[in-house]
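So the structure is just underneath, and the comments pick up after that.
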Amino acid sequence: MRPFEYVSPTTKAQAVSLLGASWGGTEILAGGTDLLALMKDDIVSPKRLVNIKNIRDLRGISSSPQGLRMGALTTLADLADDAGIKKNYPALAEAAIEAASPQIRNMATLAGNLCQRPRCWYFRNGFGLLPKDETGNELVADGDNRYHAILGNEGPAKFVSPSTIVPVLIAYEAKIRLEGPKGKRELPLEKFFVIPKSENEREHDLGPNEIVTEVVVPPVPNAKIAHYEIRQKDVFDWPLAVAAVALKMQGSNVESARIVMGYVAPVPWMSPEAEQALTAQPLDQETAQKAAEAAVKDAKPLSHNEYKVQLARVAVKRAILKAASGGAA
Ligand SMILES: Cc1cc2nc3c(=O)[nH]c(=O)nc-3n(C[C@H](O)[C@H](O)[C@H](O)COP(=O)(O)OP(=O)(O)OC[C@H]3O[C@@H](n4cnc5c(N)ncnc54)[C@H](O)[C@@H]3O)c2cc1C
Ligand code: SF4
C-alpha cells in the first residue's frame with residue numbers, strides 16, 4: 001500500500017471540501033471492506049483518504065409516514081437486525097443477512113455497498129474497468145468471462161454490478177441522496193448506476209467530490225416483494241444471479257410489476273419485457289415462466305457464460321413465485 005494522508009471530518013460540508021474535483025487523488029473511506037482491499041492491491045491509490053465514519057448525520061435508520069430513511073453509514077448488520085425493516089421491508093432484511101459474512105456485515109456500510117467497485121477479476125488485477133490489451137483488443141470478450149455480463153454488454157463494459165442489496169432496494173422504489181459542492185440532489189436508485197464507455201468514467205452517477213448521504217424508501221407499497229439469489233454454494237461468496245420483484249396486485253391479477261436482476265449486467269438490470277409479460281396476468285407457474293423467458297430474451301452471453309442465462313431465468317421465476325407465496329421467508 002502506498003502512503004496517504006488520512007483525514008476524519010465531522011460534518012458533511014467538511015468532507016465535501018476535503019474531496020478532490022477529479023478522480024484519483026482522494027477516496028471516501030466508510031467500512032473499508034472494499035476500498036482497503038483495492039488499495040492493498042494497488043488498484044486505487046489515493047493521496048488522501050477521507051474517513052466519513054465520524055459524521056453523525058450519516059448514521060441512523062428511521063421510519064415515518066413518509067417511509068424509511070437509512071443513513072449512509074448504516075451497516076448491513078443494522079439493516080438485517082432493524083425491527084422496523086424486518087417487519088415492513090422483509091425482503092431488504094433478508095438480502096442484507098444473505099450478503100457476505102457476519103464480520104463483513106458489521107463493518108460494511110449501505111453507501112459503501114452501493115458504491116463498491118466491480119468484482120471483475122481483470123479490474124481487480126489492475127487491467128482497468130474496460131480491460132484491453134496493448135493492441136486495443138478487449139480482454140474480457142476473448143478471455144475468461146464466466147462470471148461476466150449477459151445483458152447490457154454490447155459496449156466495452158462487461159463486468160457485473162456487484163451489490164445484492166441494490167436490486168431489492170430498486171424493487172422497493174428506493175431513492176438515493178447525495179451532497180456535493182453544488183448542494184444536494186436525489187435520484188431514483190436505478191439512475192445512480194451507469195455503464196461506463198471509457199476508462200476515465202465510473203460506474204456510478206457520483207462526482208469525485210460528492211458523498212452519498214442517505215437512501216430513502218417510500219412507505220411500503222401494497223405489493224408482493226421478494227428477492228432470490230443463486231450462489232455456487234451457501235457461503236460468503238458473490239452470487240451468480242439475483243432477481244428482485246415487486247408485484248402490485250388487482251384482485252388475483254398483477255396490476256404492475258418491477259423486476260430487477262443483479263449480476264447479469266454492468267448495472268442493476270430492470271426488465272420492462274418481464275414486467276409487461278406479467279401485467280394483467282394471474283400469478284401462477286405459467287406466467288412466472290413467461291416473464292422469466294422475457295427477462296432473458298435479449299441476453300447475449302459471452303464465450304464462457306451461457307449458463308448464466310438459465311440461472312437468471314430461474315432466479316426471476318423463483319423470485320416471482322416467492323413473492324406470490326408471501327415474499328421473504
Ligand atoms: C468476502 C466478501 C463477500 C461479500 N459478499 C457480498 C454480497 O453477497 N453481497 C453484496 O452486496 N456485497 C458483498 N460484499 C461487498 C460488501 O458488501 C462491500 O464491500 C461493502 O458493502 C462496502 O461497504 P464499506 O462501508 O466497507 O465500503 P468501503 O470499502 O469503505 O468503500 C467502498 C467504496 O464506496 C465508496 N464510498 C463509501 N461510502 C461512500 C459514501 N457515503 N459516498 C460516496 N462513496 C462512498 C468508497 O470510496 C469506495 O470506493 C462482500 C465483500 C466481501 C469482502
Ligand atoms: S476470512 Fe473471515 S475474518 Fe478473514 S477477512 Fe474474511 S470474513 Fe474477515
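Numbering starts fresh at 1 for the residues of each chain in the C-alpha cells, the chains themselves are lettered A, B, ... in the order given, and ligands are numbered from 1 as they appear.
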7 Å shell around ligand 2 using only C-alpha atoms and all ligand atoms, listed as a list of chain:residue names:
A:Ser101, A:Gln103, A:Ile104
Could you name the residues that touch Leu278 (chain A) at 12 Å or less, counting only C-alpha atoms, but leaving out those on the same chain fewer than 5 positions away, as a PDB file with all heavy atoms, in the first residue's frame?
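This went into part_7.pdb:
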```pdb
ATOM      1  N   VAL A 245     -38.296  -8.773  -7.189  1.00  0.00           N
ATOM      2  CA  VAL A 245     -39.549  -8.402  -7.854  1.00  0.00           C
ATOM      3  C   VAL A 245     -40.488  -7.715  -6.872  1.00  0.00           C
ATOM      4  O   VAL A 245     -40.485  -8.019  -5.680  1.00  0.00           O
ATOM      5  CB  VAL A 245     -40.281  -9.632  -8.471  1.00  0.00           C
ATOM      6  CG1 VAL A 245     -39.406 -10.368  -9.453  1.00  0.00           C
ATOM      7  CG2 VAL A 245     -40.774 -10.572  -7.410  1.00  0.00           C
ATOM      8  N   ALA A 246     -41.258  -6.771  -7.392  1.00  0.00           N
ATOM      9  CA  ALA A 246     -42.338  -6.140  -6.620  1.00  0.00           C
ATOM     10  C   ALA A 246     -43.580  -6.213  -7.497  1.00  0.00           C
ATOM     11  O   ALA A 246     -43.561  -5.737  -8.641  1.00  0.00           O
ATOM     12  CB  ALA A 246     -41.990  -4.693  -6.300  1.00  0.00           C
ATOM     13  N   LEU A 247     -44.622  -6.829  -6.976  1.00  0.00           N
ATOM     14  CA  LEU A 247     -45.832  -7.039  -7.773  1.00  0.00           C
ATOM     15  C   LEU A 247     -47.006  -6.338  -7.103  1.00  0.00           C
ATOM     16  O   LEU A 247     -47.359  -6.663  -5.968  1.00  0.00           O
ATOM     17  CB  LEU A 247     -46.138  -8.543  -7.874  1.00  0.00           C
ATOM     18  CG  LEU A 247     -44.975  -9.448  -8.314  1.00  0.00           C
ATOM     19  CD1 LEU A 247     -45.363 -10.916  -8.179  1.00  0.00           C
ATOM     20  CD2 LEU A 247     -44.582  -9.126  -9.749  1.00  0.00           C
ATOM     21  N   LYS A 248     -47.569  -5.348  -7.800  1.00  0.00           N
ATOM     22  CA  LYS A 248     -48.784  -4.708  -7.288  1.00  0.00           C
ATOM     23  C   LYS A 248     -49.966  -5.468  -7.874  1.00  0.00           C
ATOM     24  O   LYS A 248     -50.007  -5.704  -9.087  1.00  0.00           O
ATOM     25  CB  LYS A 248     -48.828  -3.233  -7.686  1.00  0.00           C
ATOM     26  CG  LYS A 248     -47.792  -2.433  -6.919  1.00  0.00           C
ATOM     27  CD  LYS A 248     -47.935  -0.934  -7.079  1.00  0.00           C
ATOM     28  CE  LYS A 248     -46.836  -0.266  -6.274  1.00  0.00           C
ATOM     29  NZ  LYS A 248     -46.366   0.996  -6.789  1.00  0.00           N
ATOM     30  N   MET A 249     -50.898  -5.840  -7.010  1.00  0.00           N
ATOM     31  CA  MET A 249     -51.975  -6.726  -7.441  1.00  0.00           C
ATOM     32  C   MET A 249     -53.302  -5.978  -7.554  1.00  0.00           C
ATOM     33  O   MET A 249     -53.552  -5.010  -6.836  1.00  0.00           O
ATOM     34  CB  MET A 249     -52.149  -7.873  -6.431  1.00  0.00           C
ATOM     35  CG  MET A 249     -50.893  -8.675  -6.149  1.00  0.00           C
ATOM     36  SD  MET A 249     -50.243  -9.515  -7.606  1.00  0.00           S
ATOM     37  CE  MET A 249     -51.552 -10.697  -7.940  1.00  0.00           C
ATOM     38  N   SER A 252     -56.739 -10.972  -8.195  1.00  0.00           N
ATOM     39  CA  SER A 252     -55.730 -12.028  -8.317  1.00  0.00           C
ATOM     40  C   SER A 252     -54.808 -11.797  -9.518  1.00  0.00           C
ATOM     41  O   SER A 252     -53.957 -12.628  -9.820  1.00  0.00           O
ATOM     42  CB  SER A 252     -56.416 -13.398  -8.413  1.00  0.00           C
ATOM     43  OG  SER A 252     -57.328 -13.359  -9.482  1.00  0.00           O
ATOM     44  N   ASN A 253     -54.982 -10.659 -10.204  1.00  0.00           N
ATOM     45  CA  ASN A 253     -54.099 -10.358 -11.338  1.00  0.00           C
ATOM     46  C   ASN A 253     -53.027  -9.334 -10.955  1.00  0.00           C
ATOM     47  O   ASN A 253     -53.232  -8.514 -10.059  1.00  0.00           O
ATOM     48  CB  ASN A 253     -54.911  -9.791 -12.504  1.00  0.00           C
ATOM     49  CG  ASN A 253     -55.611 -10.893 -13.279  1.00  0.00           C
ATOM     50  OD1 ASN A 253     -55.545 -12.068 -12.898  1.00  0.00           O
ATOM     51  ND2 ASN A 253     -56.280 -10.528 -14.345  1.00  0.00           N
ATOM     52  N   VAL A 254     -51.922  -9.378 -11.689  1.00  0.00           N
ATOM     53  CA  VAL A 254     -50.858  -8.400 -11.460  1.00  0.00           C
ATOM     54  C   VAL A 254     -51.263  -7.088 -12.131  1.00  0.00           C
ATOM     55  O   VAL A 254     -51.556  -7.057 -13.325  1.00  0.00           O
ATOM     56  CB  VAL A 254     -49.527  -8.906 -12.068  1.00  0.00           C
ATOM     57  CG1 VAL A 254     -48.433  -7.864 -11.913  1.00  0.00           C
ATOM     58  CG2 VAL A 254     -49.118 -10.228 -11.427  1.00  0.00           C
ATOM     59  N   GLU A 255     -51.273  -6.017 -11.344  1.00  0.00           N
ATOM     60  CA  GLU A 255     -51.607  -4.710 -11.924  1.00  0.00           C
ATOM     61  C   GLU A 255     -50.353  -4.103 -12.562  1.00  0.00           C
ATOM     62  O   GLU A 255     -50.374  -3.602 -13.677  1.00  0.00           O
ATOM     63  CB  GLU A 255     -52.159  -3.798 -10.836  1.00  0.00           C
ATOM     64  CG  GLU A 255     -52.673  -2.483 -11.378  1.00  0.00           C
ATOM     65  CD  GLU A 255     -53.012  -1.509 -10.258  1.00  0.00           C
ATOM     66  OE1 GLU A 255     -53.086  -1.909  -9.081  1.00  0.00           O
ATOM     67  OE2 GLU A 255     -53.181  -0.331 -10.581  1.00  0.00           O
ATOM     68  N   SER A 256     -49.242  -4.157 -11.814  1.00  0.00           N
ATOM     69  CA  SER A 256     -47.965  -3.700 -12.378  1.00  0.00           C
ATOM     70  C   SER A 256     -46.838  -4.418 -11.652  1.00  0.00           C
ATOM     71  O   SER A 256     -47.015  -4.892 -10.530  1.00  0.00           O
ATOM     72  CB  SER A 256     -47.816  -2.184 -12.239  1.00  0.00           C
ATOM     73  OG  SER A 256     -47.737  -1.852 -10.877  1.00  0.00           O
ATOM     74  N   ALA A 257     -45.697  -4.496 -12.320  1.00  0.00           N
ATOM     75  CA  ALA A 257     -44.570  -5.240 -11.740  1.00  0.00           C
ATOM     76  C   ALA A 257     -43.288  -4.443 -11.903  1.00  0.00           C
ATOM     77  O   ALA A 257     -43.157  -3.619 -12.811  1.00  0.00           O
ATOM     78  CB  ALA A 257     -44.430  -6.588 -12.450  1.00  0.00           C
ATOM     79  N   ARG A 258     -42.361  -4.685 -10.985  1.00  0.00           N
ATOM     80  CA  ARG A 258     -41.000  -4.154 -11.087  1.00  0.00           C
ATOM     81  C   ARG A 258     -40.077  -5.349 -10.967  1.00  0.00           C
ATOM     82  O   ARG A 258     -40.125  -6.079  -9.969  1.00  0.00           O
ATOM     83  CB  ARG A 258     -40.767  -3.211  -9.907  1.00  0.00           C
ATOM     84  CG  ARG A 258     -40.314  -1.833 -10.258  1.00  0.00           C
ATOM     85  CD  ARG A 258     -40.441  -0.963  -9.034  1.00  0.00           C
ATOM     86  NE  ARG A 258     -39.247  -0.161  -8.822  1.00  0.00           N
ATOM     87  CZ  ARG A 258     -38.966   0.930  -9.500  1.00  0.00           C
ATOM     88  NH1 ARG A 258     -39.772   1.359 -10.436  1.00  0.00           N
ATOM     89  NH2 ARG A 258     -37.861   1.617  -9.254  1.00  0.00           N
ATOM     90  N   ILE A 259     -39.280  -5.583 -11.985  1.00  0.00           N
ATOM     91  CA  ILE A 259     -38.412  -6.765 -11.983  1.00  0.00           C
ATOM     92  C   ILE A 259     -36.976  -6.321 -12.226  1.00  0.00           C
ATOM     93  O   ILE A 259     -36.686  -5.657 -13.230  1.00  0.00           O
ATOM     94  CB  ILE A 259     -38.871  -7.778 -13.051  1.00  0.00           C
ATOM     95  CG1 ILE A 259     -40.297  -8.188 -12.705  1.00  0.00           C
ATOM     96  CG2 ILE A 259     -37.911  -8.960 -13.146  1.00  0.00           C
ATOM     97  CD1 ILE A 259     -40.824  -9.407 -13.352  1.00  0.00           C
ATOM     98  N   SER A 271     -36.150  -5.116 -16.099  1.00  0.00           N
ATOM     99  CA  SER A 271     -36.647  -5.792 -17.293  1.00  0.00           C
ATOM    100  C   SER A 271     -38.082  -5.380 -17.601  1.00  0.00           C
ATOM    101  O   SER A 271     -39.033  -5.998 -17.112  1.00  0.00           O
ATOM    102  CB  SER A 271     -36.574  -7.310 -17.117  1.00  0.00           C
ATOM    103  OG  SER A 271     -37.155  -7.925 -18.244  1.00  0.00           O
ATOM    104  N   PRO A 272     -38.265  -4.340 -18.444  1.00  0.00           N
ATOM    105  CA  PRO A 272     -39.626  -3.968 -18.835  1.00  0.00           C
ATOM    106  C   PRO A 272     -40.329  -5.101 -19.572  1.00  0.00           C
ATOM    107  O   PRO A 272     -41.552  -5.240 -19.483  1.00  0.00           O
ATOM    108  CB  PRO A 272     -39.431  -2.754 -19.757  1.00  0.00           C
ATOM    109  CG  PRO A 272     -37.978  -2.492 -19.860  1.00  0.00           C
ATOM    110  CD  PRO A 272     -37.230  -3.491 -19.038  1.00  0.00           C
ATOM    111  N   GLU A 273     -39.544  -5.951 -20.262  1.00  0.00           N
ATOM    112  CA  GLU A 273     -40.151  -7.071 -21.011  1.00  0.00           C
ATOM    113  C   GLU A 273     -40.825  -8.043 -20.037  1.00  0.00           C
ATOM    114  O   GLU A 273     -41.958  -8.489 -20.259  1.00  0.00           O
ATOM    115  CB  GLU A 273     -39.080  -7.829 -21.808  1.00  0.00           C
ATOM    116  CG  GLU A 273     -38.355  -7.004 -22.867  1.00  0.00           C
ATOM    117  CD  GLU A 273     -37.175  -6.196 -22.318  1.00  0.00           C
ATOM    118  OE1 GLU A 273     -36.909  -6.281 -21.102  1.00  0.00           O
ATOM    119  OE2 GLU A 273     -36.544  -5.471 -23.101  1.00  0.00           O
ATOM    120  N   LEU A 283     -51.118 -14.755 -11.197  1.00  0.00           N
ATOM    121  CA  LEU A 283     -49.786 -15.172 -10.745  1.00  0.00           C
ATOM    122  C   LEU A 283     -49.738 -16.682 -10.638  1.00  0.00           C
ATOM    123  O   LEU A 283     -50.269 -17.259  -9.691  1.00  0.00           O
ATOM    124  CB  LEU A 283     -49.534 -14.595  -9.351  1.00  0.00           C
ATOM    125  CG  LEU A 283     -48.745 -13.310  -9.247  1.00  0.00           C
ATOM    126  CD1 LEU A 283     -48.530 -12.961  -7.791  1.00  0.00           C
ATOM    127  CD2 LEU A 283     -47.425 -13.404  -9.980  1.00  0.00           C
ATOM    128  N   ASP A 284     -49.144 -17.328 -11.600  1.00  0.00           N
ATOM    129  CA  ASP A 284     -49.007 -18.781 -11.493  1.00  0.00           C
ATOM    130  C   ASP A 284     -47.710 -19.216 -12.173  1.00  0.00           C
ATOM    131  O   ASP A 284     -46.969 -18.392 -12.716  1.00  0.00           O
ATOM    132  CB  ASP A 284     -50.236 -19.499 -12.083  1.00  0.00           C
ATOM    133  CG  ASP A 284     -50.503 -19.076 -13.526  1.00  0.00           C
ATOM    134  OD1 ASP A 284     -49.537 -18.689 -14.214  1.00  0.00           O
ATOM    135  OD2 ASP A 284     -51.665 -19.126 -13.968  1.00  0.00           O
ATOM    136  N   GLN A 285     -47.461 -20.510 -12.151  1.00  0.00           N
ATOM    137  CA  GLN A 285     -46.224 -21.064 -12.730  1.00  0.00           C
ATOM    138  C   GLN A 285     -46.039 -20.621 -14.178  1.00  0.00           C
ATOM    139  O   GLN A 285     -44.951 -20.250 -14.597  1.00  0.00           O
ATOM    140  CB  GLN A 285     -46.293 -22.604 -12.711  1.00  0.00           C
ATOM    141  CG  GLN A 285     -46.135 -23.235 -11.358  1.00  0.00           C
ATOM    142  CD  GLN A 285     -44.665 -23.467 -11.017  1.00  0.00           C
ATOM    143  OE1 GLN A 285     -43.790 -23.339 -11.867  1.00  0.00           O
ATOM    144  NE2 GLN A 285     -44.400 -23.783  -9.767  1.00  0.00           N
ATOM    145  N   GLU A 286     -47.144 -20.660 -14.921  1.00  0.00           N
ATOM    146  CA  GLU A 286     -47.057 -20.383 -16.355  1.00  0.00           C
ATOM    147  C   GLU A 286     -46.664 -18.929 -16.627  1.00  0.00           C
ATOM    148  O   GLU A 286     -45.776 -18.647 -17.435  1.00  0.00           O
ATOM    149  CB  GLU A 286     -48.419 -20.691 -16.988  1.00  0.00           C
ATOM    150  CG  GLU A 286     -48.367 -20.799 -18.492  1.00  0.00           C
ATOM    151  CD  GLU A 286     -49.773 -20.966 -19.071  1.00  0.00           C
ATOM    152  OE1 GLU A 286     -50.629 -21.577 -18.392  1.00  0.00           O
ATOM    153  OE2 GLU A 286     -50.004 -20.459 -20.165  1.00  0.00           O
ATOM    154  N   THR A 287     -47.319 -17.989 -15.919  1.00  0.00           N
ATOM    155  CA  THR A 287     -46.971 -16.577 -16.175  1.00  0.00           C
ATOM    156  C   THR A 287     -45.577 -16.266 -15.628  1.00  0.00           C
ATOM    157  O   THR A 287     -44.840 -15.476 -16.225  1.00  0.00           O
ATOM    158  CB  THR A 287     -48.007 -15.606 -15.566  1.00  0.00           C
ATOM    159  OG1 THR A 287     -48.269 -15.990 -14.234  1.00  0.00           O
ATOM    160  CG2 THR A 287     -49.270 -15.558 -16.374  1.00  0.00           C
ATOM    161  N   ALA A 288     -45.221 -16.893 -14.510  1.00  0.00           N
ATOM    162  CA  ALA A 288     -43.867 -16.676 -13.969  1.00  0.00           C
ATOM    163  C   ALA A 288     -42.830 -17.147 -14.992  1.00  0.00           C
ATOM    164  O   ALA A 288     -41.816 -16.481 -15.228  1.00  0.00           O
ATOM    165  CB  ALA A 288     -43.700 -17.420 -12.648  1.00  0.00           C
ATOM    166  N   GLN A 289     -43.097 -18.288 -15.621  1.00  0.00           N
ATOM    167  CA  GLN A 289     -42.167 -18.825 -16.623  1.00  0.00           C
ATOM    168  C   GLN A 289     -42.080 -17.878 -17.825  1.00  0.00           C
ATOM    169  O   GLN A 289     -40.987 -17.579 -18.318  1.00  0.00           O
ATOM    170  CB  GLN A 289     -42.640 -20.219 -17.068  1.00  0.00           C
ATOM    171  CG  GLN A 289     -41.750 -20.899 -18.103  1.00  0.00           C
ATOM    172  CD  GLN A 289     -40.371 -21.266 -17.545  1.00  0.00           C
ATOM    173  OE1 GLN A 289     -40.245 -21.596 -16.364  1.00  0.00           O
ATOM    174  NE2 GLN A 289     -39.343 -21.173 -18.379  1.00  0.00           N
ATOM    175  N   LYS A 290     -43.239 -17.369 -18.258  1.00  0.00           N
ATOM    176  CA  LYS A 290     -43.235 -16.460 -19.421  1.00  0.00           C
ATOM    177  C   LYS A 290     -42.449 -15.185 -19.100  1.00  0.00           C
ATOM    178  O   LYS A 290     -41.689 -14.680 -19.930  1.00  0.00           O
ATOM    179  CB  LYS A 290     -44.671 -16.092 -19.804  1.00  0.00           C
ATOM    180  CG  LYS A 290     -45.345 -17.185 -20.609  1.00  0.00           C
ATOM    181  CD  LYS A 290     -46.660 -16.696 -21.187  1.00  0.00           C
ATOM    182  CE  LYS A 290     -47.330 -17.830 -21.947  1.00  0.00           C
ATOM    183  NZ  LYS A 290     -48.782 -17.795 -21.890  1.00  0.00           N
ATOM    184  N   ALA A 291     -42.649 -14.667 -17.890  1.00  0.00           N
ATOM    185  CA  ALA A 291     -41.922 -13.447 -17.500  1.00  0.00           C
ATOM    186  C   ALA A 291     -40.424 -13.728 -17.438  1.00  0.00           C
ATOM    187  O   ALA A 291     -39.602 -12.907 -17.871  1.00  0.00           O
ATOM    188  CB  ALA A 291     -42.425 -12.951 -16.150  1.00  0.00           C
ATOM    189  N   ALA A 292     -40.066 -14.894 -16.922  1.00  0.00           N
ATOM    190  CA  ALA A 292     -38.644 -15.254 -16.815  1.00  0.00           C
ATOM    191  C   ALA A 292     -38.017 -15.377 -18.207  1.00  0.00           C
ATOM    192  O   ALA A 292     -36.884 -14.932 -18.436  1.00  0.00           O
ATOM    193  CB  ALA A 292     -38.504 -16.556 -16.032  1.00  0.00           C
ATOM    194  N   GLU A 293     -38.774 -15.953 -19.144  1.00  0.00           N
ATOM    195  CA  GLU A 293     -38.268 -16.053 -20.529  1.00  0.00           C
ATOM    196  C   GLU A 293     -38.066 -14.651 -21.099  1.00  0.00           C
ATOM    197  O   GLU A 293     -37.054 -14.374 -21.753  1.00  0.00           O
ATOM    198  CB  GLU A 293     -39.276 -16.798 -21.432  1.00  0.00           C
ATOM    199  CG  GLU A 293     -39.559 -18.243 -21.070  1.00  0.00           C
ATOM    200  CD  GLU A 293     -38.374 -19.165 -21.276  1.00  0.00           C
ATOM    201  OE1 GLU A 293     -37.390 -18.744 -21.896  1.00  0.00           O
ATOM    202  OE2 GLU A 293     -38.435 -20.309 -20.771  1.00  0.00           O
ATOM    203  N   ALA A 294     -39.052 -13.774 -20.841  1.00  0.00           N
ATOM    204  CA  ALA A 294     -38.966 -12.413 -21.384  1.00  0.00           C
ATOM    205  C   ALA A 294     -37.758 -11.674 -20.801  1.00  0.00           C
ATOM    206  O   ALA A 294     -37.099 -10.890 -21.487  1.00  0.00           O
ATOM    207  CB  ALA A 294     -40.252 -11.650 -21.078  1.00  0.00           C
ATOM    208  N   ALA A 295     -37.449 -11.954 -19.528  1.00  0.00           N
ATOM    209  CA  ALA A 295     -36.341 -11.244 -18.855  1.00  0.00           C
ATOM    210  C   ALA A 295     -34.999 -11.513 -19.529  1.00  0.00           C
ATOM    211  O   ALA A 295     -34.119 -10.652 -19.524  1.00  0.00           O
ATOM    212  CB  ALA A 295     -36.285 -11.647 -17.384  1.00  0.00           C
ATOM    213  N   VAL A 316     -35.397 -15.193 -11.781  1.00  0.00           N
ATOM    214  CA  VAL A 316     -36.593 -14.354 -11.970  1.00  0.00           C
ATOM    215  C   VAL A 316     -37.850 -15.168 -11.671  1.00  0.00           C
ATOM    216  O   VAL A 316     -38.740 -14.735 -10.923  1.00  0.00           O
ATOM    217  CB  VAL A 316     -36.641 -13.775 -13.405  1.00  0.00           C
ATOM    218  CG1 VAL A 316     -37.988 -13.112 -13.688  1.00  0.00           C
ATOM    219  CG2 VAL A 316     -35.508 -12.770 -13.608  1.00  0.00           C
ATOM    220  N   LYS A 317     -37.915 -16.368 -12.209  1.00  0.00           N
ATOM    221  CA  LYS A 317     -39.115 -17.191 -11.991  1.00  0.00           C
ATOM    222  C   LYS A 317     -39.310 -17.468 -10.496  1.00  0.00           C
ATOM    223  O   LYS A 317     -40.411 -17.316  -9.958  1.00  0.00           O
ATOM    224  CB  LYS A 317     -38.983 -18.513 -12.761  1.00  0.00           C
ATOM    225  CG  LYS A 317     -40.205 -19.392 -12.609  1.00  0.00           C
ATOM    226  CD  LYS A 317     -40.106 -20.668 -13.406  1.00  0.00           C
ATOM    227  CE  LYS A 317     -41.350 -21.522 -13.174  1.00  0.00           C
ATOM    228  NZ  LYS A 317     -41.234 -22.838 -13.789  1.00  0.00           N
ATOM    229  N   ILE A 320     -40.487 -14.431  -8.547  1.00  0.00           N
ATOM    230  CA  ILE A 320     -41.920 -14.154  -8.770  1.00  0.00           C
ATOM    231  C   ILE A 320     -42.768 -15.121  -7.935  1.00  0.00           C
ATOM    232  O   ILE A 320     -43.705 -14.712  -7.239  1.00  0.00           O
ATOM    233  CB  ILE A 320     -42.274 -14.278 -10.272  1.00  0.00           C
ATOM    234  CG1 ILE A 320     -41.583 -13.173 -11.066  1.00  0.00           C
ATOM    235  CG2 ILE A 320     -43.796 -14.226 -10.481  1.00  0.00           C
ATOM    236  CD1 ILE A 320     -41.650 -13.360 -12.583  1.00  0.00           C
ATOM    237  N   LEU A 321     -42.413 -16.396  -7.984  1.00  0.00           N
ATOM    238  CA  LEU A 321     -43.217 -17.384  -7.248  1.00  0.00           C
ATOM    239  C   LEU A 321     -43.072 -17.191  -5.735  1.00  0.00           C
ATOM    240  O   LEU A 321     -44.019 -17.397  -4.976  1.00  0.00           O
ATOM    241  CB  LEU A 321     -42.821 -18.803  -7.667  1.00  0.00           C
ATOM    242  CG  LEU A 321     -43.171 -19.139  -9.130  1.00  0.00           C
ATOM    243  CD1 LEU A 321     -42.630 -20.507  -9.517  1.00  0.00           C
ATOM    244  CD2 LEU A 321     -44.684 -19.078  -9.380  1.00  0.00           C
ATOM    245  N   ALA A 324     -45.263 -14.359  -4.883  1.00  0.00           N
ATOM    246  CA  ALA A 324     -46.662 -14.809  -4.945  1.00  0.00           C
ATOM    247  C   ALA A 324     -47.050 -15.554  -3.678  1.00  0.00           C
ATOM    248  O   ALA A 324     -48.177 -15.455  -3.199  1.00  0.00           O
ATOM    249  CB  ALA A 324     -46.858 -15.713  -6.166  1.00  0.00           C
TER     250      ALA A 324
END
```
To check your reading of the model: which residues sit at most 6 Å from ligand 1 when counting only C-alpha atoms and all ligand atoms? Write the answer as a ChimeraX atom specification.
/A:27-35,72,99-100,107-113,115-116,163-165,211-213,236-238
Hey, which of A:Ser161, A:Gly152, A:Gly24, A:Met261 ends up closest to Glu201 (chain A)? Count only C-alpha atoms.
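Closest to Glu201 (chain A) of all the choices is A:Gly24.
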Point-to-point distance in Å for CA of Ala37 (chain A) and CA of Gly262 (chain A):
22.6 Å
Using only C-alpha atoms: which of A:His304, A:Lys47, A:Arg231, A:Lys224 has the shortest distance to Lys322 (chain A)
A:Lys224
Go through region 41-159 of chain A and flag each residue having an atom no more than 12 Å from region 171-195 of chain A; for those, report the closest pair of atoms plus their distance in Å to one decimal, using only C-alpha atoms, ordered by chain and rising number, as JSON lines.
```
{"residue": "A:Leu58", "atom": "CA", "partner": "A:Arg177", "partner_atom": "CA", "distance": 11.0}
{"residue": "A:Gly67", "atom": "CA", "partner": "A:Ala174", "partner_atom": "CA", "distance": 9.9}
{"residue": "A:Leu68", "atom": "CA", "partner": "A:Ala174", "partner_atom": "CA", "distance": 9.2}
{"residue": "A:Arg69", "atom": "CA", "partner": "A:Ala174", "partner_atom": "CA", "distance": 9.7}
{"residue": "A:Met70", "atom": "CA", "partner": "A:Ile176", "partner_atom": "CA", "distance": 9.8}
{"residue": "A:Gly71", "atom": "CA", "partner": "A:Arg177", "partner_atom": "CA", "distance": 9.7}
{"residue": "A:Ala72", "atom": "CA", "partner": "A:Arg177", "partner_atom": "CA", "distance": 9.2}
{"residue": "A:Ile85", "atom": "CA", "partner": "A:Tyr172", "partner_atom": "CA", "distance": 11.9}
{"residue": "A:Asn88", "atom": "CA", "partner": "A:Tyr172", "partner_atom": "CA", "distance": 10.9}
{"residue": "A:Tyr89", "atom": "CA", "partner": "A:Tyr172", "partner_atom": "CA", "distance": 8.3}
{"residue": "A:Pro90", "atom": "CA", "partner": "A:Tyr172", "partner_atom": "CA", "distance": 10.8}
{"residue": "A:Ala91", "atom": "CA", "partner": "A:Tyr172", "partner_atom": "CA", "distance": 9.2}
{"residue": "A:Leu92", "atom": "CA", "partner": "A:Tyr172", "partner_atom": "CA", "distance": 8.6}
{"residue": "A:Leu110", "atom": "CA", "partner": "A:Ile176", "partner_atom": "CA", "distance": 10.9}
{"residue": "A:Ala111", "atom": "CA", "partner": "A:Ile176", "partner_atom": "CA", "distance": 9.2}
{"residue": "A:Leu114", "atom": "CA", "partner": "A:Phe192", "partner_atom": "CA", "distance": 9.0}
{"residue": "A:Cys115", "atom": "CA", "partner": "A:Phe193", "partner_atom": "CA", "distance": 9.3}
{"residue": "A:Gln116", "atom": "CA", "partner": "A:Phe193", "partner_atom": "CA", "distance": 11.4}
{"residue": "A:Arg117", "atom": "CA", "partner": "A:Phe193", "partner_atom": "CA", "distance": 11.5}
{"residue": "A:Pro118", "atom": "CA", "partner": "A:Ile195", "partner_atom": "CA", "distance": 11.8}
{"residue": "A:Leu129", "atom": "CA", "partner": "A:Ile195", "partner_atom": "CA", "distance": 10.6}
{"residue": "A:Leu130", "atom": "CA", "partner": "A:Ile195", "partner_atom": "CA", "distance": 10.5}
{"residue": "A:Ala149", "atom": "CA", "partner": "A:Ile195", "partner_atom": "CA", "distance": 11.6}
{"residue": "A:Leu151", "atom": "CA", "partner": "A:Ile195", "partner_atom": "CA", "distance": 11.5}
{"residue": "A:Gly152", "atom": "CA", "partner": "A:Ile195", "partner_atom": "CA", "distance": 8.2}
{"residue": "A:Asn153", "atom": "CA", "partner": "A:Ile195", "partner_atom": "CA", "distance": 9.1}
{"residue": "A:Glu154", "atom": "CA", "partner": "A:Ile195", "partner_atom": "CA", "distance": 10.4}
{"residue": "A:Gly155", "atom": "CA", "partner": "A:Ile195", "partner_atom": "CA", "distance": 8.5}
{"residue": "A:Pro156", "atom": "CA", "partner": "A:Ile195", "partner_atom": "CA", "distance": 9.1}
{"residue": "A:Ala157", "atom": "CA", "partner": "A:Ile195", "partner_atom": "CA", "distance": 6.7}
{"residue": "A:Lys158", "atom": "CA", "partner": "A:Ile195", "partner_atom": "CA", "distance": 9.3}
{"residue": "A:Phe159", "atom": "CA", "partner": "A:Ile195", "partner_atom": "CA", "distance": 9.6}
```
